[in-house]
Structures are given as C-alpha cells and as structure tokens.
Amino acid sequence: MDTQILSASADGVARAAELLRAGELVAFPTETVYGLGADATNDAAVAAIFAAKDRPRFNPLIVHCPDLAAVERLVEMDDRARELAATFWPGALTLVLRRRPDSGLSLLVSAGLDTVAVRVPDNPFAQALLRACGRPLAAPSANRSSEISATNSVHVTASLGGRIAAVLDGGQCRVGIESTVVDVSGPAAVLLRPGGVPAEVIEAVIGPLAQPDPKDAASPRSPGMLSRHYAPSIPLRLDVTEREKGEALLGFGPAAPKRALNLSRKGDLQEAAANLFAMMRALDVPGIRGIAVMPIPEVGLGRAINDRLRRAATPAADDGDDDDWHEDRGPAAPCRPLDDGEASR
Ligand code: TXA
Ligand code: MG
C-alpha cells in the first residue's frame, strides 16, 4: 500500500475524512502526538489499527471527538467529568468513562471493558478532520508497538509507511507527550497515565487523584502503565551528568555541555516534553551505544517526562509479558567505540 502524504489544507482534510469514512487508516496530528486514526464505529477499521501497529493484544483505544456534545453521545458523564471537560477540553486530558449502550462504538475500542477513553484534541487540523469526517475517531499513538510515539509526519511515515492509507501532515506536535489518562468511571478518580496535563493541575480542580489498584498489576487497566512501553533500541542511563564512552548525552538545562542535544537549554519542561521523543529518536542510531540523560526535575510535566524515560530505561528482561514490547530486535550489534565529538551530538 502506498501511504499518501496529505497537506493540512482544506483539500487534504477532505481527502483524509473521505478515506476514514471508507474504513481506511489515516494518521493525523494532535497537540500531543500523532494519532493513528480509524472510524471508531467501524470494527474492521479499528481492528486494522492493531494490525498496522503490530500489537499482539487488543489494548483499549482513545476515542477522539470534536467537542463535548459529541462525547456526551458516547459515554455517561457526571458532574465531575463535566467539570474536567469544561476545564481541560480541548486539550491533553483523556477521561475513561462508562460506555453508553447506544454509543454505536465498536466494542474493540474498549477491548472488552465497559468503559471508553475519550478526549477532545486541541489541534486545528484534528478539529477540522473530526468535523469533516463526522465520526468519532479511535486513535492510538501513530507508531508501531514498542516504538516511541511520533511527533511529526516524518516519524509517522518511518514507522507506519506502507501500512496505512495516508498521513495528514500538520507539522510538529506542540505538547509532544501523550495525554494524561484519568479514570472517572468509578467513585475515585484514578490517574492511569501521567501526560500532557500535570496531575497537580487536575487535582486543583477535583481533589486528590488515586493511584491504580496494585491488585490490578497483572492486568493493568492502562497499558501505558506497563513497565517498558516507550523504548529506543539502546540502553538509557538516567539522572547522570556525564556520558560514558560510546554514549550520547541528552542534556537538560543551561549546565549541559554545548555540543550535547538538549531537551531544553532554558530548563523549560514544556519545551523538553515537546522535544523528548524526537531527541530519543535522533540518538537511537547506529554507532551510539547508549543514551545518558541528565536529571529532569520531578515536578509538573517533568513527572510525565521521567515516567517515559524510566519506562524506556527498564531493561528488556524486566518486561514480563508486556504486549507493547516486541522481541524481534535481537541482541544489540557490537559497535565501534566513538571518539569524543561523535558521541555527544
Ligand atoms: O495523546 C494521546 O493520548 C494520543 C493521541 C493520539 O490522542 N493517544 C495515545 O493513545 O496515546 P494510546 O493508545 O497510545 O494510549 C491510550 C492509553 C493507553 O494507556 C490505554 O490503555 C488507555 O489509554 N486506555 C484507553 N482506553 C481505556 C479504558 N477504557 N480503560 C483504561 N485505560 C484505557
Ligand atoms: Mg502509544
């Protein structure tokens, strides 16, 4: 299959909407990361998402809607959910809520649960596409299973080119890290995945968020919680200020060496989040044996960044049966030691 690159023009959006209504897969930009979109009411289209991603298991997917009214047709909302929606939508917050019996959604988007994750994205092209398409769109991050999320159309094509009908090219994602997932389907609001909206900011609106029940650890409610989920192919060492031979340094803040890639020289966590996946990719290249990451403060978006980094740093052996990790990378090829200049690109 040839993957079309559609420009984010009126024509491109119309063509993307037409493909989606015909049951095809189209990757599209959101403010967080690119989503791999399918008509959420079409089982075959939703199933095709899992195939394109090489996901060995059906994880539940986030359903995207243009506005609150469209969300209310799919899930049961209470006052707490409406307050979160009013405060954070459109935006990087995903709410897990009970499905309405008449939602019309494919059961596959819920992966057997009686809940659905929903969000209203804050990106003009995502909004235009959702309105043109007139259907709710199921969209996991637009990358193959175990690969890091894509924040521009080049990364989408590198991962999914030839497997999907089209990519709507809306440039670089502004937030650069996935949405925060909060389960508000039960009495306690539970933080399932830290993300683009810091937990503290949500807690300021609805009070303390609960942690997921550890008894659920064997079948986590949110696969985003699995230990190794966002991983480059080479080892990461975290909280270090100097690289070792063969490693590249991923800097943060003004103290980082000038030559190192820097998540944010200003020490701005939002800028760091936006750069995170692209910089991990940039360093995950032949000739670099590992990535040494400078400390990131554990506050606000820094918590989500550290969460991603810790998952990426978890050795593959700790992996259990995490479905989002695949084994076909094989052992790391031995590589030539680098001289100084090369390794700290
Ligand atoms: O920013 C984002 O959230 C991006 C963009 C494209 O919107 N999407 C994304 O989707 O990251 P995905 O599939 O990679 O992650 C969805 C997360 C997973 O951790 C999944 O387990 C959780 O949401 N999730 C989805 N439906 C759920 C449900 N019914 N109950 C619990 N967790 C759910
Ligand atoms: Mg993902």
# chains A, B, ... in the order shown; residues from 1 in each chain; ligands from 1

$ residues_around --residues "Pro121 (chain A)" --least-positions-apart "3" --cutoff "9 Å" --atoms "only C-alpha atoms" --output "number ranges by chain"
A: 30-32, 64-67, 89-93, 124, 126-127

$ write_last_selection --atoms "N, CA, C and O atoms" --output "JSON list (two decimals), in the first residue's frame"
[["chain", "number", "residue", "atom", "x", "y", "z"],
["A", 30, "THR", "N", -2.26, 15.65, 16.48],
["A", 30, "THR", "CA", -2.98, 16.25, 17.61],
["A", 30, "THR", "C", -1.95, 17.12, 18.33],
["A", 30, "THR", "O", -0.77, 17.14, 17.94],
["A", 31, "GLU", "N", -2.38, 17.84, 19.36],
["A", 31, "GLU", "CA", -1.41, 18.67, 20.07],
["A", 31, "GLU", "C", -0.42, 17.83, 20.88],
["A", 31, "GLU", "O", 0.65, 18.31, 21.22],
["A", 32, "THR", "N", -0.77, 16.56, 21.17],
["A", 32, "THR", "CA", 0.14, 15.73, 21.98],
["A", 32, "THR", "C", 1.12, 15.00, 21.07],
["A", 32, "THR", "O", 2.30, 15.32, 21.03],
["A", 64, "HIS", "N", -11.53, 10.03, 19.87],
["A", 64, "HIS", "CA", -11.42, 11.49, 19.74],
["A", 64, "HIS", "C", -12.69, 12.08, 19.17],
["A", 64, "HIS", "O", -13.24, 11.56, 18.20],
["A", 65, "CYS", "N", -13.13, 13.18, 19.78],
["A", 65, "CYS", "CA", -14.35, 13.86, 19.33],
["A", 65, "CYS", "C", -14.07, 15.35, 19.17],
["A", 65, "CYS", "O", -13.16, 15.89, 19.82],
["A", 66, "PRO", "N", -14.87, 16.05, 18.33],
["A", 66, "PRO", "CA", -14.62, 17.48, 18.11],
["A", 66, "PRO", "C", -15.04, 18.35, 19.30],
["A", 66, "PRO", "O", -14.50, 19.44, 19.47],
["A", 67, "ASP", "N", -16.01, 17.87, 20.11],
["A", 67, "ASP", "CA", -16.48, 18.72, 21.22],
["A", 67, "ASP", "C", -17.20, 17.87, 22.26],
["A", 67, "ASP", "O", -17.43, 16.67, 22.07],
["A", 89, "TRP", "N", -10.77, 20.67, 28.16],
["A", 89, "TRP", "CA", -11.02, 20.41, 26.74],
["A", 89, "TRP", "C", -11.33, 21.68, 25.99],
["A", 89, "TRP", "O", -12.03, 22.52, 26.53],
["A", 90, "PRO", "N", -10.85, 21.80, 24.75],
["A", 90, "PRO", "CA", -9.97, 20.84, 24.10],
["A", 90, "PRO", "C", -8.60, 20.81, 24.77],
["A", 90, "PRO", "O", -8.11, 21.86, 25.20],
["A", 91, "GLY", "N", -8.00, 19.63, 24.85],
["A", 91, "GLY", "CA", -6.69, 19.55, 25.48],
["A", 91, "GLY", "C", -6.24, 18.14, 25.78],
["A", 91, "GLY", "O", -6.91, 17.16, 25.45],
["A", 92, "ALA", "N", -5.07, 18.07, 26.45],
["A", 92, "ALA", "CA", -4.32, 16.81, 26.59],
["A", 92, "ALA", "C", -4.77, 15.98, 27.79],
["A", 92, "ALA", "O", -3.95, 15.41, 28.50],
["A", 93, "LEU", "N", -6.08, 15.94, 28.03],
["A", 93, "LEU", "CA", -6.61, 15.10, 29.10],
["A", 93, "LEU", "C", -7.57, 14.08, 28.49],
["A", 93, "LEU", "O", -8.48, 14.44, 27.74],
["A", 124, "PRO", "N", -5.87, 22.40, 15.39],
["A", 124, "PRO", "CA", -6.83, 22.84, 14.37],
["A", 124, "PRO", "C", -7.07, 21.80, 13.28],
["A", 124, "PRO", "O", -8.20, 21.68, 12.78],
["A", 126, "ALA", "N", -6.75, 18.43, 13.61],
["A", 126, "ALA", "CA", -7.53, 17.35, 14.21],
["A", 126, "ALA", "C", -9.00, 17.77, 14.30],
["A", 126, "ALA", "O", -9.91, 16.99, 13.97],
["A", 127, "GLN", "N", -9.22, 19.00, 14.72],
["A", 127, "GLN", "CA", -10.59, 19.51, 14.82],
["A", 127, "GLN", "C", -11.27, 19.52, 13.46],
["A", 127, "GLN", "O", -12.41, 19.06, 13.32]]

$ residues_around --residues "Ser9 (chain A)" --least-positions-apart "4" --cutoff "12 Å" --atoms "only C-alpha atoms" --output "list of chain:residue names"
A:Ile5, A:Val13, A:Ala14, A:Arg15, A:Ala16, A:Pro124, A:Phe125, A:Ala126, A:Ala128, A:Leu129, A:Leu168, A:Asp169, A:Gly170

$ residues_around --residues "Ser159 (chain A)" --least-positions-apart "5" --cutoff "12 Å" --atoms "only C-alpha atoms" --output "list in words"
Thr3, Ala27, Tyr34, Leu36, Ala52, Lys53, Asp54, Ser141, Ala142, Asn143, Arg144, Ser145, Ser146, Glu147, Ile148, Ser149, Ala150, Thr151, Asn152, Ser153, Val154, Ile164, Val167 and Arg281 of chain A

$ select_by_dssp --residues "region 14-197 of chain A" --states "strand (DSSP E)" --output "CSV table (one decimal) with C-alpha atoms, in the first residue's frame"
chain,number,residue,atom,x,y,z
A,26,VAL,CA,-5.2,7.9,8.4
A,27,ALA,CA,-2.6,9.3,10.8
A,28,PHE,CA,-3.4,12.8,11.9
A,35,GLY,CA,-2.7,9.6,16.2
A,36,LEU,CA,-3.4,6.6,14.0
A,37,GLY,CA,-7.0,7.3,13.2
A,38,ALA,CA,-9.9,5.0,12.3
A,39,ASP,CA,-13.6,5.3,12.3
A,62,ILE,CA,-8.8,6.6,22.9
A,63,VAL,CA,-11.8,7.9,21.0
A,64,HIS,CA,-11.4,11.5,19.7
A,75,VAL,CA,-20.3,7.9,27.3
A,76,GLU,CA,-22.1,8.6,30.6
A,93,LEU,CA,-6.6,15.1,29.1
A,94,THR,CA,-8.3,11.7,28.4
A,95,LEU,CA,-11.2,10.6,30.5
A,96,VAL,CA,-12.2,7.0,31.0
A,97,LEU,CA,-16.0,6.8,31.3
A,98,ARG,CA,-18.8,4.2,31.1
A,99,ARG,CA,-19.9,3.5,27.5
A,115,THR,CA,-15.6,1.9,29.6
A,116,VAL,CA,-14.2,4.1,26.8
A,117,ALA,CA,-11.4,6.6,26.9
A,118,VAL,CA,-12.4,9.9,25.3
A,119,ARG,CA,-10.8,13.2,24.5
A,137,LEU,CA,-12.1,8.6,15.6
A,138,ALA,CA,-10.2,5.9,17.5
A,166,ALA,CA,-2.5,8.4,4.5
A,167,VAL,CA,-0.8,10.8,6.9
A,168,LEU,CA,-2.3,14.3,7.3
A,169,ASP,CA,0.8,16.4,7.7
A,180,THR,CA,-2.9,12.4,30.8
A,181,VAL,CA,-5.4,9.5,31.3
A,182,VAL,CA,-7.8,9.7,34.3
A,183,ASP,CA,-10.4,7.0,35.0
A,190,VAL,CA,-7.6,7.3,39.2
A,191,LEU,CA,-4.5,8.6,37.4
A,192,LEU,CA,-3.8,5.8,34.8
A,193,ARG,CA,-1.1,7.6,32.9

$ select_by_dssp --residues "region 62-235 of chain A" --states "helix (DSSP H, G or I)" --output "number ranges by chain"
A: 68-72, 79-88, 107-110, 124-133, 153-160, 199-206, 214-218, 223-225

$ residues_around --residues "Gly161 (chain A)" --least-positions-apart "4" --cutoff "8 Å" --atoms "only C-alpha atoms" --output "PyMOL selection string"
chain A and resi 2-3+156-157

$ closest_residue --among "A:Pro29, A:Pro257, A:Pro208, A:Gly186" --to "His155 (chain A)" --atoms "only C-alpha atoms"
A:Pro29

$ residues_around --residues "Gly302 (chain A)" --least-positions-apart "2" --cutoff "9 Å" --atoms "only C-alpha atoms" --output "JSON, numbers by chain"
{"A": [198, 269, 270, 272, 273, 296, 297, 298, 299, 300, 304, 305, 306, 307]}

$ residues_around --residues "Asn262 (chain A)" --least-positions-apart "6" --cutoff "8 Å" --atoms "only C-alpha atoms" --output "list of chain:residue names"
A:Leu250, A:Gly251, A:Phe252, A:Gly253, A:Ala256

$ closest_residue --among "A:Ala111, A:Val201, A:Ala51, A:Leu19" --to "ligand 1" --atoms "only C-alpha atoms and all ligand atoms"
A:Ala111
